[in-house]
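Peer 1: Sharing entry-v3.pdb below, PDB, C-alpha atoms:
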ATOM      1  CA  MET A  30      12.042  -7.284  17.428
ATOM      2  CA  THR A  31      14.172  -4.431  18.787
ATOM      3  CA  ILE A  32      14.463  -1.033  17.128
ATOM      4  CA  GLU A  33      18.006  -1.819  16.003
ATOM      5  CA  GLN A  34      16.859  -5.120  14.503
ATOM      6  CA  ARG A  35      14.075  -3.363  12.607
ATOM      7  CA  LEU A  36      16.499  -0.795  11.236
ATOM      8  CA  ASP A  37      18.955  -3.519  10.277
ATOM      9  CA  ARG A  38      16.184  -5.399   8.459
ATOM     10  CA  TYR A  39      15.233  -2.243   6.560
ATOM     11  CA  LYS A  40      18.872  -1.680   5.603
ATOM     12  CA  ARG A  41      19.221  -5.211   4.255
ATOM     13  CA  THR A  42      16.018  -4.730   2.273
ATOM     14  CA  VAL A  43      17.355  -1.505   0.756
ATOM     15  CA  ASP A  44      20.703  -3.121  -0.102
ATOM     16  CA  ARG A  45      19.014  -6.060  -1.831
ATOM     17  CA  GLU A  46      16.721  -3.781  -3.828
ATOM     18  CA  LEU A  47      19.554  -1.476  -4.901
ATOM     19  CA  GLU A  48      21.508  -4.495  -6.096
ATOM     20  CA  ARG A  49      18.480  -5.761  -8.042
ATOM     21  CA  ILE A  50      17.949  -2.358  -9.661
ATOM     22  CA  LEU A  51      21.574  -1.935 -10.679
ATOM     23  CA  LEU A  52      22.082  -5.462 -11.969
ATOM     24  CA  ARG A  53      19.586  -4.898 -14.775
ATOM     25  CA  ASN A  54      22.450  -4.190 -17.166
ATOM     26  CA  ASN A  55      26.172  -4.992 -17.328
ATOM     27  CA  THR A  56      27.375  -2.146 -19.535
ATOM     28  CA  LEU A  57      30.393  -0.111 -18.488
ATOM     29  CA  LEU A  58      28.044   2.620 -17.314
ATOM     30  CA  PHE A  59      26.124   0.292 -15.000
ATOM     31  CA  GLN A  60      29.377  -1.178 -13.714
ATOM     32  CA  ALA A  61      30.433   2.327 -12.674
ATOM     33  CA  MET A  62      27.014   2.989 -11.158
ATOM     34  CA  ARG A  63      27.187  -0.234  -9.142
ATOM     35  CA  HIS A  64      30.712   0.616  -7.998
ATOM     36  CA  SER A  65      29.420   3.919  -6.652
ATOM     37  CA  VAL A  66      26.309   2.597  -4.889
ATOM     38  CA  LEU A  67      26.972  -0.979  -3.798
ATOM     39  CA  GLY A  68      30.376  -0.456  -2.229
ATOM     40  CA  GLY A  69      29.078   0.096   1.288
ATOM     41  CA  GLY A  70      27.354   2.982   3.003
ATOM     42  CA  LYS A  71      25.076   3.351   6.011
ATOM     43  CA  ARG A  72      21.964   3.981   3.878
ATOM     44  CA  TYR A  73      21.035   6.713   6.327
ATOM     45  CA  ARG A  74      18.706   8.586   3.960
ATOM     46  CA  PRO A  75      16.642   5.599   2.784
ATOM     47  CA  LEU A  76      16.403   4.473   6.403
ATOM     48  CA  LEU A  77      15.034   7.898   7.325
ATOM     49  CA  CYS A  78      12.469   7.583   4.552
ATOM     50  CA  LEU A  79      11.338   4.126   5.685
ATOM     51  CA  ALA A  80      11.431   5.126   9.368
ATOM     52  CA  ALA A  81       9.245   8.172   8.731
ATOM     53  CA  ALA A  82       6.642   6.056   6.938
ATOM     54  CA  ASP A  83       6.872   3.434   9.692
ATOM     55  CA  ALA A  84       5.740   6.072  12.194
ATOM     56  CA  PHE A  85       2.349   6.338  10.481
ATOM     57  CA  ALA A  86       1.430   3.424   8.199
ATOM     58  CA  PRO A  87       4.290   0.972   7.703
ATOM     59  CA  GLU A  88       4.026  -0.207   4.093
ATOM     60  CA  PRO A  89       7.679  -0.822   3.199
ATOM     61  CA  ALA A  90       6.848  -2.282  -0.218
ATOM     62  CA  VAL A  91       5.209   1.027  -1.199
ATOM     63  CA  ILE A  92       7.959   3.200   0.255
ATOM     64  CA  LEU A  93      10.967   1.156  -0.910
ATOM     65  CA  PRO A  94      11.257   2.559  -4.485
ATOM     66  CA  PHE A  95      11.313   6.107  -3.118
ATOM     67  CA  ALA A  96      13.831   5.226  -0.405
ATOM     68  CA  CYS A  97      16.105   3.618  -3.012
ATOM     69  CA  ALA A  98      15.665   6.578  -5.367
ATOM     70  CA  ILE A  99      16.851   8.942  -2.643
ATOM     71  CA  GLU A 100      19.934   6.771  -2.101
ATOM     72  CA  LEU A 101      20.667   6.920  -5.840
ATOM     73  CA  ILE A 102      20.428  10.718  -5.741
ATOM     74  CA  HIS A 103      22.763  10.798  -2.746
ATOM     75  CA  SER A 104      25.215   8.475  -4.506
ATOM     76  CA  TYR A 105      25.183  10.575  -7.668
ATOM     77  CA  SER A 106      26.042  13.643  -5.592
ATOM     78  CA  LEU A 107      29.017  11.817  -4.078
ATOM     79  CA  VAL A 108      30.308  10.723  -7.490
ATOM     80  CA  HIS A 109      30.235  14.319  -8.708
ATOM     81  CA  ASP A 110      31.598  15.695  -5.419
ATOM     82  CA  ASP A 111      34.620  13.412  -5.709
ATOM     83  CA  LEU A 112      35.568  14.599  -9.207
ATOM     84  CA  PRO A 113      38.803  16.585  -9.645
ATOM     85  CA  CYS A 114      36.828  19.719 -10.523
ATOM     86  CA  MET A 115      35.052  19.501  -7.130
ATOM     87  CA  ASP A 116      36.650  17.907  -4.033
ATOM     88  CA  ASP A 117      39.149  15.746  -5.956
ATOM     89  CA  ASP A 118      38.923  12.725  -3.642
ATOM     90  CA  ASP A 119      40.653   9.415  -4.333
ATOM     91  CA  VAL A 120      38.792   7.194  -1.870
ATOM     92  CA  ARG A 121      35.119   6.783  -1.043
ATOM     93  CA  ARG A 122      33.842   4.209   1.448
ATOM     94  CA  GLY A 123      37.217   2.509   1.578
ATOM     95  CA  ARG A 124      37.593   1.973  -2.163
ATOM     96  CA  PRO A 125      38.737   4.060  -5.148
ATOM     97  CA  THR A 126      36.308   6.785  -6.121
ATOM     98  CA  CYS A 127      34.370   6.268  -9.326
ATOM     99  CA  HIS A 128      36.594   8.506 -11.438
ATOM    100  CA  LYS A 129      39.736   6.801 -10.117
ATOM    101  CA  GLU A 130      38.335   3.408 -11.072
ATOM    102  CA  PHE A 131      36.633   4.263 -14.368
ATOM    103  CA  GLY A 132      37.944   7.674 -15.455
ATOM    104  CA  GLU A 133      36.425  11.141 -15.149
ATOM    105  CA  ASP A 134      34.274  10.854 -18.259
ATOM    106  CA  VAL A 135      32.594   7.614 -17.198
ATOM    107  CA  ALA A 136      32.206   8.842 -13.604
ATOM    108  CA  LEU A 137      30.447  11.989 -14.778
ATOM    109  CA  LEU A 138      28.009   9.906 -16.817
ATOM    110  CA  ALA A 139      27.566   7.409 -13.971
ATOM    111  CA  GLY A 140      26.429  10.262 -11.734
ATOM    112  CA  ASP A 141      24.041  11.446 -14.424
ATOM    113  CA  GLY A 142      22.744   7.892 -14.816
ATOM    114  CA  LEU A 143      22.082   7.497 -11.097
ATOM    115  CA  LEU A 144      20.201  10.790 -10.911
ATOM    116  CA  THR A 145      17.918  10.057 -13.843
ATOM    117  CA  LEU A 146      17.386   6.447 -12.734
ATOM    118  CA  ALA A 147      16.183   7.758  -9.370
ATOM    119  CA  PHE A 148      13.334   9.678 -10.973
ATOM    120  CA  GLU A 149      12.542   6.729 -13.242
ATOM    121  CA  LEU A 150      12.110   4.575 -10.121
ATOM    122  CA  MET A 151       9.793   7.064  -8.454
ATOM    123  CA  ALA A 152       7.736   7.618 -11.597
ATOM    124  CA  GLU A 153       7.286   3.858 -12.124
ATOM    125  CA  ALA A 154       6.562   3.074  -8.467
ATOM    126  CA  GLU A 155       3.187   1.434  -7.956
ATOM    127  CA  VAL A 156       1.152   3.006  -5.170
ATOM    128  CA  PRO A 157      -2.468   2.627  -4.055
ATOM    129  CA  ARG A 158      -4.841   4.984  -5.851
ATOM    130  CA  ARG A 159      -5.274   7.001  -2.648
ATOM    131  CA  LEU A 160      -1.557   7.860  -2.750
ATOM    132  CA  LEU A 161      -1.275   8.998  -6.379
ATOM    133  CA  THR A 162      -1.410  12.690  -5.475
ATOM    134  CA  LYS A 163       1.128  12.121  -2.693
ATOM    135  CA  LYS A 164       3.414  10.294  -5.114
ATOM    136  CA  ILE A 165       3.431  13.286  -7.452
ATOM    137  CA  GLN A 166       4.104  15.593  -4.509
ATOM    138  CA  VAL A 167       7.046  13.456  -3.369
ATOM    139  CA  ILE A 168       8.599  13.464  -6.854
ATOM    140  CA  ARG A 169       8.205  17.235  -7.154
ATOM    141  CA  GLU A 170       9.563  17.932  -3.658
ATOM    142  CA  THR A 171      12.501  15.586  -4.126
ATOM    143  CA  ALA A 172      13.394  17.346  -7.372
ATOM    144  CA  GLU A 173      13.209  20.736  -5.650
ATOM    145  CA  LEU A 174      15.194  19.738  -2.584
ATOM    146  CA  ALA A 175      17.855  17.967  -4.665
ATOM    147  CA  GLY A 176      17.994  20.795  -7.194
ATOM    148  CA  ALA A 177      19.278  24.309  -7.707
ATOM    149  CA  GLU A 178      17.618  25.742  -4.601
ATOM    150  CA  GLY A 179      18.482  22.719  -2.478
ATOM    151  CA  MET A 180      21.383  20.288  -2.617
ATOM    152  CA  ILE A 181      22.932  21.545  -5.852
ATOM    153  CA  GLY A 182      22.620  25.131  -4.645
ATOM    154  CA  GLY A 183      24.436  24.056  -1.493
ATOM    155  CA  GLN A 184      27.197  22.495  -3.553
ATOM    156  CA  LEU A 185      27.660  25.820  -5.325
ATOM    157  CA  LEU A 186      27.951  27.561  -1.950
ATOM    158  CA  ASP A 187      30.532  24.928  -1.039
ATOM    159  CA  ILE A 188      32.821  25.510  -4.027
ATOM    160  CA  THR A 189      32.518  29.317  -3.825
ATOM    161  CA  PHE A 190      32.971  29.447  -0.040
ATOM    162  CA  SER A 191      35.428  31.996   1.333
ATOM    163  CA  ALA A 192      36.898  31.186   4.736
ATOM    164  CA  GLU A 193      37.886  34.828   5.212
ATOM    165  CA  ASN A 194      34.274  35.983   4.926
ATOM    166  CA  ALA A 195      32.717  33.011   6.713
ATOM    167  CA  THR A 196      29.956  33.626   9.227
ATOM    168  CA  GLU A 197      28.015  31.123  11.258
ATOM    169  CA  ALA A 198      24.886  32.004   9.258
ATOM    170  CA  SER A 199      26.610  31.399   5.915
ATOM    171  CA  LEU A 200      27.912  28.006   7.016
ATOM    172  CA  VAL A 201      24.503  26.952   8.354
ATOM    173  CA  GLU A 202      22.866  27.991   5.072
ATOM    174  CA  LEU A 203      25.396  25.879   3.185
ATOM    175  CA  MET A 204      24.706  22.898   5.459
ATOM    176  CA  LEU A 205      20.933  23.270   5.184
ATOM    177  CA  LYS A 206      21.135  23.053   1.417
ATOM    178  CA  LYS A 207      24.031  20.742   0.648
ATOM    179  CA  THR A 208      23.274  18.098   3.294
ATOM    180  CA  GLY A 209      20.024  19.056   4.985
ATOM    181  CA  ALA A 210      17.854  19.326   1.881
ATOM    182  CA  LEU A 211      18.063  15.658   0.896
ATOM    183  CA  ILE A 212      17.645  14.523   4.492
ATOM    184  CA  THR A 213      14.512  16.668   4.725
ATOM    185  CA  ALA A 214      13.315  15.175   1.428
ATOM    186  CA  SER A 215      13.852  11.681   2.887
ATOM    187  CA  VAL A 216      11.676  12.150   5.948
ATOM    188  CA  ARG A 217       9.002  14.139   4.100
ATOM    189  CA  ALA A 218       8.709  11.444   1.424
ATOM    190  CA  GLY A 219       8.180   8.754   4.038
ATOM    191  CA  ALA A 220       5.724  10.827   6.062
ATOM    192  CA  LEU A 221       3.701  11.873   3.014
ATOM    193  CA  LEU A 222       3.398   8.337   1.671
ATOM    194  CA  GLY A 223       2.765   7.034   5.178
ATOM    195  CA  GLY A 224      -0.278   9.273   5.541
ATOM    196  CA  ALA A 225       0.920  11.851   8.049
ATOM    197  CA  SER A 226      -1.470  14.686   8.859
ATOM    198  CA  LEU A 227      -0.481  18.288   8.124
ATOM    199  CA  ALA A 228       0.530  18.803  11.764
ATOM    200  CA  GLU A 229       2.539  15.579  11.797
ATOM    201  CA  LEU A 230       4.181  16.465   8.488
ATOM    202  CA  LYS A 231       5.174  19.848   9.911
ATOM    203  CA  ALA A 232       6.764  18.126  12.909
ATOM    204  CA  VAL A 233       8.617  15.606  10.755
ATOM    205  CA  THR A 234       9.855  18.396   8.465
ATOM    206  CA  ALA A 235      11.261  20.356  11.407
ATOM    207  CA  PHE A 236      12.873  17.154  12.644
ATOM    208  CA  GLY A 237      14.444  16.558   9.215
ATOM    209  CA  GLU A 238      15.808  20.090   8.910
ATOM    210  CA  ASN A 239      17.446  19.889  12.330
ATOM    211  CA  LEU A 240      18.703  16.379  11.696
ATOM    212  CA  GLY A 241      20.290  17.501   8.430
ATOM    213  CA  LEU A 242      22.211  20.194  10.273
ATOM    214  CA  ALA A 243      23.215  17.775  13.024
ATOM    215  CA  PHE A 244      24.430  15.293  10.428
ATOM    216  CA  GLN A 245      26.686  17.863   8.783
ATOM    217  CA  PHE A 246      28.008  19.173  12.106
ATOM    218  CA  ARG A 247      28.981  15.613  13.025
ATOM    219  CA  ASP A 248      30.628  15.141   9.644
ATOM    220  CA  ASP A 249      32.523  18.435  10.035
ATOM    221  CA  ILE A 250      33.848  17.413  13.452
ATOM    222  CA  HIS A 251      35.147  14.080  12.153
ATOM    223  CA  ASP A 252      36.488  15.566   8.919
ATOM    224  CA  ALA A 253      38.349  18.383  10.671
ATOM    225  CA  ALA A 254      39.982  15.932  13.096
ATOM    226  CA  GLU A 255      40.987  13.533  10.319
ATOM    227  CA  ARG A 256      42.401  16.220   8.046
ATOM    228  CA  SER A 257      44.275  17.772  10.955
ATOM    229  CA  LYS A 258      46.030  14.445  11.597
ATOM    230  CA  LYS A 259      47.034  14.226   7.948
ATOM    231  CA  GLY A 260      47.899  17.907   7.626
ATOM    232  CA  VAL A 261      45.405  18.246   4.765
ATOM    233  CA  PRO A 262      43.413  21.488   4.349
ATOM    234  CA  SER A 263      39.629  21.238   4.407
ATOM    235  CA  GLY A 264      36.901  23.149   2.628
ATOM    236  CA  PRO A 265      33.950  24.780   4.394
ATOM    237  CA  ASN A 266      33.984  23.272   7.862
ATOM    238  CA  TYR A 267      32.265  24.607  10.982
ATOM    239  CA  ALA A 268      34.567  22.777  13.392
ATOM    240  CA  ARG A 269      37.656  24.202  11.712
ATOM    241  CA  VAL A 270      36.311  27.772  11.609
ATOM    242  CA  PHE A 271      34.583  27.962  15.002
ATOM    243  CA  GLY A 272      36.149  25.068  16.932
ATOM    244  CA  ALA A 273      35.245  21.447  17.588
ATOM    245  CA  GLY A 274      33.826  22.219  21.035
ATOM    246  CA  LYS A 275      31.274  24.663  19.692
ATOM    247  CA  ALA A 276      30.486  22.302  16.828
ATOM    248  CA  ARG A 277      29.728  19.486  19.298
ATOM    249  CA  ASP A 278      27.442  21.797  21.259
ATOM    250  CA  ARG A 279      25.572  22.734  18.080
ATOM    251  CA  LEU A 280      25.315  19.075  17.079
ATOM    252  CA  ARG A 281      23.658  18.162  20.381
ATOM    253  CA  SER A 282      21.410  21.212  20.154
ATOM    254  CA  PHE A 283      20.132  20.353  16.681
ATOM    255  CA  VAL A 284      19.420  16.743  17.621
ATOM    256  CA  GLY A 285      17.543  17.931  20.714
ATOM    257  CA  THR A 286      15.529  20.485  18.753
ATOM    258  CA  GLY A 287      14.612  17.870  16.160
ATOM    259  CA  LEU A 288      13.357  15.472  18.824
ATOM    260  CA  GLU A 289      11.409  18.271  20.491
ATOM    261  CA  ALA A 290       9.674  18.946  17.172
ATOM    262  CA  LEU A 291       8.471  15.334  17.097
ATOM    263  CA  ASP A 292       7.278  15.648  20.695
ATOM    264  CA  ARG A 293       5.312  18.823  19.955
ATOM    265  CA  GLY A 294       3.677  17.159  16.962
ATOM    266  CA  GLY A 295       2.778  14.050  18.941
ATOM    267  CA  VAL A 296       4.861  11.864  16.625
ATOM    268  CA  LYS A 297       6.323   8.875  18.450
ATOM    269  CA  ALA A 298       8.472   7.559  15.561
ATOM    270  CA  PRO A 299      10.853   5.296  17.526
ATOM    271  CA  LEU A 300      12.924   4.508  14.434
ATOM    272  CA  LEU A 301      13.431   8.177  13.579
ATOM    273  CA  ARG A 302      14.419   8.886  17.164
ATOM    274  CA  ARG A 303      16.977   6.091  17.105
ATOM    275  CA  LEU A 304      18.474   7.361  13.852
ATOM    276  CA  ALA A 305      18.802  10.792  15.457
ATOM    277  CA  GLY A 306      20.475   9.234  18.478
ATOM    278  CA  ARG A 307      23.114   7.641  16.277
ATOM    279  CA  LEU A 308      24.450  11.086  15.462
ATOM    280  CA  LEU A 309      25.438  11.559  19.108
ATOM    281  CA  GLU A 310      27.500   8.386  19.152
ATOM    282  CA  LYS A 311      31.195   8.320  18.292
TER     283      LYS A 311
END
Could you render the structure from this file as structure tokens?
Peer 2:
Amino acid sequence: MTIEQRLDRYKRTVDRELERILLRNNTLLFQAMRHSVLGGGKRYRPLLCLAAADAFAPEPAVILPFACAIELIHSYSLVHDDLPCMDDDDVRRGRPTCHKEFGEDVALLAGDGLLTLAFELMAEAEVPRRLLTKKIQVIRETAELAGAEGMIGGQLLDITFSAENATEASLVELMLKKTGALITASVRAGALLGGASLAELKAVTAFGENLGLAFQFRDDIHDAAERSKKGVPSGPNYARVFGAGKARDRLRSFVGTGLEALDRGGVKAPLLRRLAGRLLEK
């Protein structure tokens, strides 16, 4: 089986499990939650989680609840990001955003429901006794990296961003928190539950931090180009502030640095390397 086939199999597994989780109830709230999660998506973060575990001790059945939980956290953040009080977006993944389909009040609660369901999944996840301490660590780290000093803190930087006072350092800090934190949480969760050593975990963490930055640089390049075509202003965006050429250089640099971190730590991780390579494709 090729690397791409393995990743595709993991993605199908994640999609099936997310559908199973969200079909437990047919209330209006769960309908809105399903709308927000099951309407497409690359599942990049759960794939990173599964790929990181695969590099050490591939036990997808053990890792799957945590990978799905991270996707629920990501989806909740998108629902809230799309609200009129935030980015005020009408379309997400080619379909109406949650608040456009169900109303702002239901969308707000759908995001809340996805976030709390994520931690329910992780808390209920069955793991071998030897992994109980690691499970607790993953839950705590995910909460921290998705919380006020991680993703949510990055969202605050996003909505309070001033283009006039923008520096490269301030934009990178925003990216590290808003996008990079949950990507780092994804690879650390997989590595921890996969049994990585301290040195390997350090390498995977450095990879995740650089990959998170690369991911956001790629997103900024595409977003700036798309909004320029439509004549729509954009929020904090490296490509718009410092130019698409420099943004592409930084993207390649962060991917390279992330892969070098794996090399230094002796972590082969072919699936992680392929997921990093996808960021360099158009």
Peer 1: Have a look at atom CA of Gly142 of chain A and atom CA of Met62 of chain A and let me know their distance in Å, one decimal.
Peer 2: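 Computing it gives 7.5 Å between the two atoms.
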Peer 1: Write out as number ranges by chain which residues come within 7 Å of segment 144-147 of chain A when counting all atoms listed in the file, dropping same-chain ones fewer than 4 positions away.
Peer 2: A: 98-99, 101-102, 105, 140, 151
Peer 1: Keeping only C-alpha atoms, write the selected residues to a file as a compact mmCIF listing (two decimals), in the frame of the given file.
Peer 2:
# COMPACT_ATOMS: atom_id res chain seq x y z
CA ALA A 98 15.66 6.58 -5.37
CA ILE A 99 16.85 8.94 -2.64
CA LEU A 101 20.67 6.92 -5.84
CA ILE A 102 20.43 10.72 -5.74
CA TYR A 105 25.18 10.58 -7.67
CA GLY A 140 26.43 10.26 -11.73
CA MET A 151 9.79 7.06 -8.45
Peer 1: Return as a list of chain:residue names the set of residues that the PyMOL selection byres ((chain A and resi 298-310) around 7) yields on the displayed structure.
Peer 2: A:Ile32, A:Leu77, A:Ala80, A:Ala81, A:Ala84, A:Leu240, A:Phe244, A:Arg247, A:Arg281, A:Val284, A:Leu288, A:Val296, A:Lys297, A:Lys311
Peer 1: Any chance you could work out the residue set of the PyMOL selection byres ((chain A and resi 86) around 12) here, as a PDB file with C-alpha atoms, in the frame of the given file?
Peer 2:
ATOM      1  CA  LEU A  79      11.338   4.126   5.685  1.00  0.00           C
ATOM      2  CA  ALA A  80      11.431   5.126   9.368  1.00  0.00           C
ATOM      3  CA  ALA A  81       9.245   8.172   8.731  1.00  0.00           C
ATOM      4  CA  ALA A  82       6.642   6.056   6.938  1.00  0.00           C
ATOM      5  CA  ASP A  83       6.872   3.434   9.692  1.00  0.00           C
ATOM      6  CA  ALA A  84       5.740   6.072  12.194  1.00  0.00           C
ATOM      7  CA  PHE A  85       2.349   6.338  10.481  1.00  0.00           C
ATOM      8  CA  PRO A  87       4.290   0.972   7.703  1.00  0.00           C
ATOM      9  CA  GLU A  88       4.026  -0.207   4.093  1.00  0.00           C
ATOM     10  CA  PRO A  89       7.679  -0.822   3.199  1.00  0.00           C
ATOM     11  CA  ALA A  90       6.848  -2.282  -0.218  1.00  0.00           C
ATOM     12  CA  VAL A  91       5.209   1.027  -1.199  1.00  0.00           C
ATOM     13  CA  ILE A  92       7.959   3.200   0.255  1.00  0.00           C
ATOM     14  CA  GLY A 219       8.180   8.754   4.038  1.00  0.00           C
ATOM     15  CA  ALA A 220       5.724  10.827   6.062  1.00  0.00           C
ATOM     16  CA  LEU A 221       3.701  11.873   3.014  1.00  0.00           C
ATOM     17  CA  LEU A 222       3.398   8.337   1.671  1.00  0.00           C
ATOM     18  CA  GLY A 223       2.765   7.034   5.178  1.00  0.00           C
ATOM     19  CA  GLY A 224      -0.278   9.273   5.541  1.00  0.00           C
ATOM     20  CA  ALA A 225       0.920  11.851   8.049  1.00  0.00           C
ATOM     21  CA  SER A 226      -1.470  14.686   8.859  1.00  0.00           C
ATOM     22  CA  ALA A 298       8.472   7.559  15.561  1.00  0.00           C
TER      23      ALA A 298
END
Peer 1: May I have the residues within 10 Å of segment 109-114 of chain A as a count of residues only, using all atoms listed in the file and disregarding those fewer than 6 positions away in the same chain?
Peer 2: 17
Peer 1: Using only C-alpha atoms, which residue out of A:Arg41, A:Arg279, A:Arg74, A:Lys163 lies closest to Gly237 of chain A?
Peer 2: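 So, comparing all the options, the nearest one is A:Arg74.
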Peer 1: Counting all atoms listed in the file, what is within 7 Å of Ser65 of chain A, bar same-chain residues fewer than 4 positions away, as a PyMOL selection string?
Peer 2: chain A and resi 61+104+108+127
Peer 1: My list of candidates is A:Gly285, A:Gly69, A:Gly179, A:Gly264. Which is closest to Leu200 of chain A when distances are computed with only C-alpha atoms?
Peer 2: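 Result for the nearest residue to Leu200 of chain A: A:Gly264.
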Peer 1: Listing only residues of segment 218-293 of chain A within 10 Å of segment 195-198 of chain A, what is the closest atom pair and its distance in Å (to one decimal) for each, using only C-alpha atoms, sorted by chain and residue number ascending, as JSON lines?
Peer 2:
{"residue": "A:Pro265", "atom": "CA", "partner": "A:Ala195", "partner_atom": "CA", "distance": 8.6}
{"residue": "A:Asn266", "atom": "CA", "partner": "A:Ala195", "partner_atom": "CA", "distance": 9.9}
{"residue": "A:Tyr267", "atom": "CA", "partner": "A:Glu197", "partner_atom": "CA", "distance": 7.8}
{"residue": "A:Val270", "atom": "CA", "partner": "A:Ala195", "partner_atom": "CA", "distance": 8.0}
{"residue": "A:Phe271", "atom": "CA", "partner": "A:Glu197", "partner_atom": "CA", "distance": 8.2}
Peer 1: Can you work out which one of A:Gln34, A:Phe236, A:His64, A:Phe131 has the shortest atom-to-atom distance to Phe283 of chain A, counting only C-alpha atoms?
Peer 2: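 Under the stated criterion, the closest residue is A:Phe236.
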Peer 1: Counting all atoms listed in the file, figure out which residue out of A:Ala214, A:Ala235, A:Ala154, A:Leu57 gets nearest to Arg169 of chain A.
Peer 2: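 Checking each of A:Ala214, A:Ala235, A:Ala154, A:Leu57 against Arg169 of chain A, counting all atoms listed in the file, the winner is A:Ala214.
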Peer 1: Out of A:Pro75, A:Pro125, A:Gly295, A:Gly274, which residue has the shortest atom-to-atom distance to Phe246 of chain A when counting all atoms listed in the file?
Peer 2: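 Residue with the minimum atom-to-atom distance to Phe246 of chain A: A:Gly274.
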Peer 1: So what do you get for atom CA of Asp116 of chain A versus atom CA of Asp249 of chain A, distance-wise?
Peer 2: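 Atom CA of Asp249 of chain A lies 14.7 Å from atom CA of Asp116 of chain A.
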Peer 1: Please, can segment 229-246 of chain A be completed to N, CA and C atoms and returned as a PDB file, in the coordinates of the input?
Peer 2:
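For reference, part28.pdb as written:
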ATOM      1  N   GLU A 229       1.463  16.577  11.675  1.00  0.00           N
ATOM      2  CA  GLU A 229       2.539  15.579  11.797  1.00  0.00           C
ATOM      3  C   GLU A 229       3.622  15.818  10.750  1.00  0.00           C
ATOM      4  N   LEU A 230       3.212  16.190   9.545  1.00  0.00           N
ATOM      5  CA  LEU A 230       4.181  16.465   8.488  1.00  0.00           C
ATOM      6  C   LEU A 230       5.043  17.672   8.856  1.00  0.00           C
ATOM      7  N   LYS A 231       4.425  18.674   9.455  1.00  0.00           N
ATOM      8  CA  LYS A 231       5.174  19.848   9.911  1.00  0.00           C
ATOM      9  C   LYS A 231       6.219  19.446  10.947  1.00  0.00           C
ATOM     10  N   ALA A 232       5.833  18.585  11.873  1.00  0.00           N
ATOM     11  CA  ALA A 232       6.764  18.126  12.909  1.00  0.00           C
ATOM     12  C   ALA A 232       7.911  17.328  12.307  1.00  0.00           C
ATOM     13  N   VAL A 233       7.592  16.430  11.389  1.00  0.00           N
ATOM     14  CA  VAL A 233       8.617  15.606  10.755  1.00  0.00           C
ATOM     15  C   VAL A 233       9.565  16.469   9.919  1.00  0.00           C
ATOM     16  N   THR A 234       9.021  17.493   9.264  1.00  0.00           N
ATOM     17  CA  THR A 234       9.855  18.396   8.465  1.00  0.00           C
ATOM     18  C   THR A 234      10.849  19.137   9.346  1.00  0.00           C
ATOM     19  N   ALA A 235      10.366  19.661  10.473  1.00  0.00           N
ATOM     20  CA  ALA A 235      11.261  20.356  11.407  1.00  0.00           C
ATOM     21  C   ALA A 235      12.324  19.401  11.935  1.00  0.00           C
ATOM     22  N   PHE A 236      11.916  18.176  12.218  1.00  0.00           N
ATOM     23  CA  PHE A 236      12.873  17.154  12.644  1.00  0.00           C
ATOM     24  C   PHE A 236      13.938  16.950  11.565  1.00  0.00           C
ATOM     25  N   GLY A 237      13.512  16.806  10.312  1.00  0.00           N
ATOM     26  CA  GLY A 237      14.444  16.558   9.215  1.00  0.00           C
ATOM     27  C   GLY A 237      15.426  17.698   9.017  1.00  0.00           C
ATOM     28  N   GLU A 238      14.931  18.931   9.096  1.00  0.00           N
ATOM     29  CA  GLU A 238      15.808  20.090   8.910  1.00  0.00           C
ATOM     30  C   GLU A 238      16.877  20.141   9.987  1.00  0.00           C
ATOM     31  N   ASN A 239      16.474  19.880  11.230  1.00  0.00           N
ATOM     32  CA  ASN A 239      17.446  19.889  12.330  1.00  0.00           C
ATOM     33  C   ASN A 239      18.392  18.696  12.254  1.00  0.00           C
ATOM     34  N   LEU A 240      17.857  17.562  11.812  1.00  0.00           N
ATOM     35  CA  LEU A 240      18.703  16.379  11.696  1.00  0.00           C
ATOM     36  C   LEU A 240      19.746  16.578  10.597  1.00  0.00           C
ATOM     37  N   GLY A 241      19.347  17.232   9.501  1.00  0.00           N
ATOM     38  CA  GLY A 241      20.290  17.501   8.430  1.00  0.00           C
ATOM     39  C   GLY A 241      21.450  18.353   8.904  1.00  0.00           C
ATOM     40  N   LEU A 242      21.151  19.359   9.711  1.00  0.00           N
ATOM     41  CA  LEU A 242      22.211  20.194  10.273  1.00  0.00           C
ATOM     42  C   LEU A 242      23.086  19.387  11.228  1.00  0.00           C
ATOM     43  N   ALA A 243      22.453  18.592  12.083  1.00  0.00           N
ATOM     44  CA  ALA A 243      23.215  17.775  13.024  1.00  0.00           C
ATOM     45  C   ALA A 243      24.138  16.816  12.281  1.00  0.00           C
ATOM     46  N   PHE A 244      23.636  16.230  11.210  1.00  0.00           N
ATOM     47  CA  PHE A 244      24.430  15.293  10.428  1.00  0.00           C
ATOM     48  C   PHE A 244      25.687  15.964   9.883  1.00  0.00           C
ATOM     49  N   GLN A 245      25.533  17.176   9.355  1.00  0.00           N
ATOM     50  CA  GLN A 245      26.686  17.863   8.783  1.00  0.00           C
ATOM     51  C   GLN A 245      27.649  18.355   9.860  1.00  0.00           C
ATOM     52  N   PHE A 246      27.122  18.779  11.012  1.00  0.00           N
ATOM     53  CA  PHE A 246      28.008  19.173  12.106  1.00  0.00           C
ATOM     54  C   PHE A 246      28.850  17.984  12.550  1.00  0.00           C
TER      55      PHE A 246
END
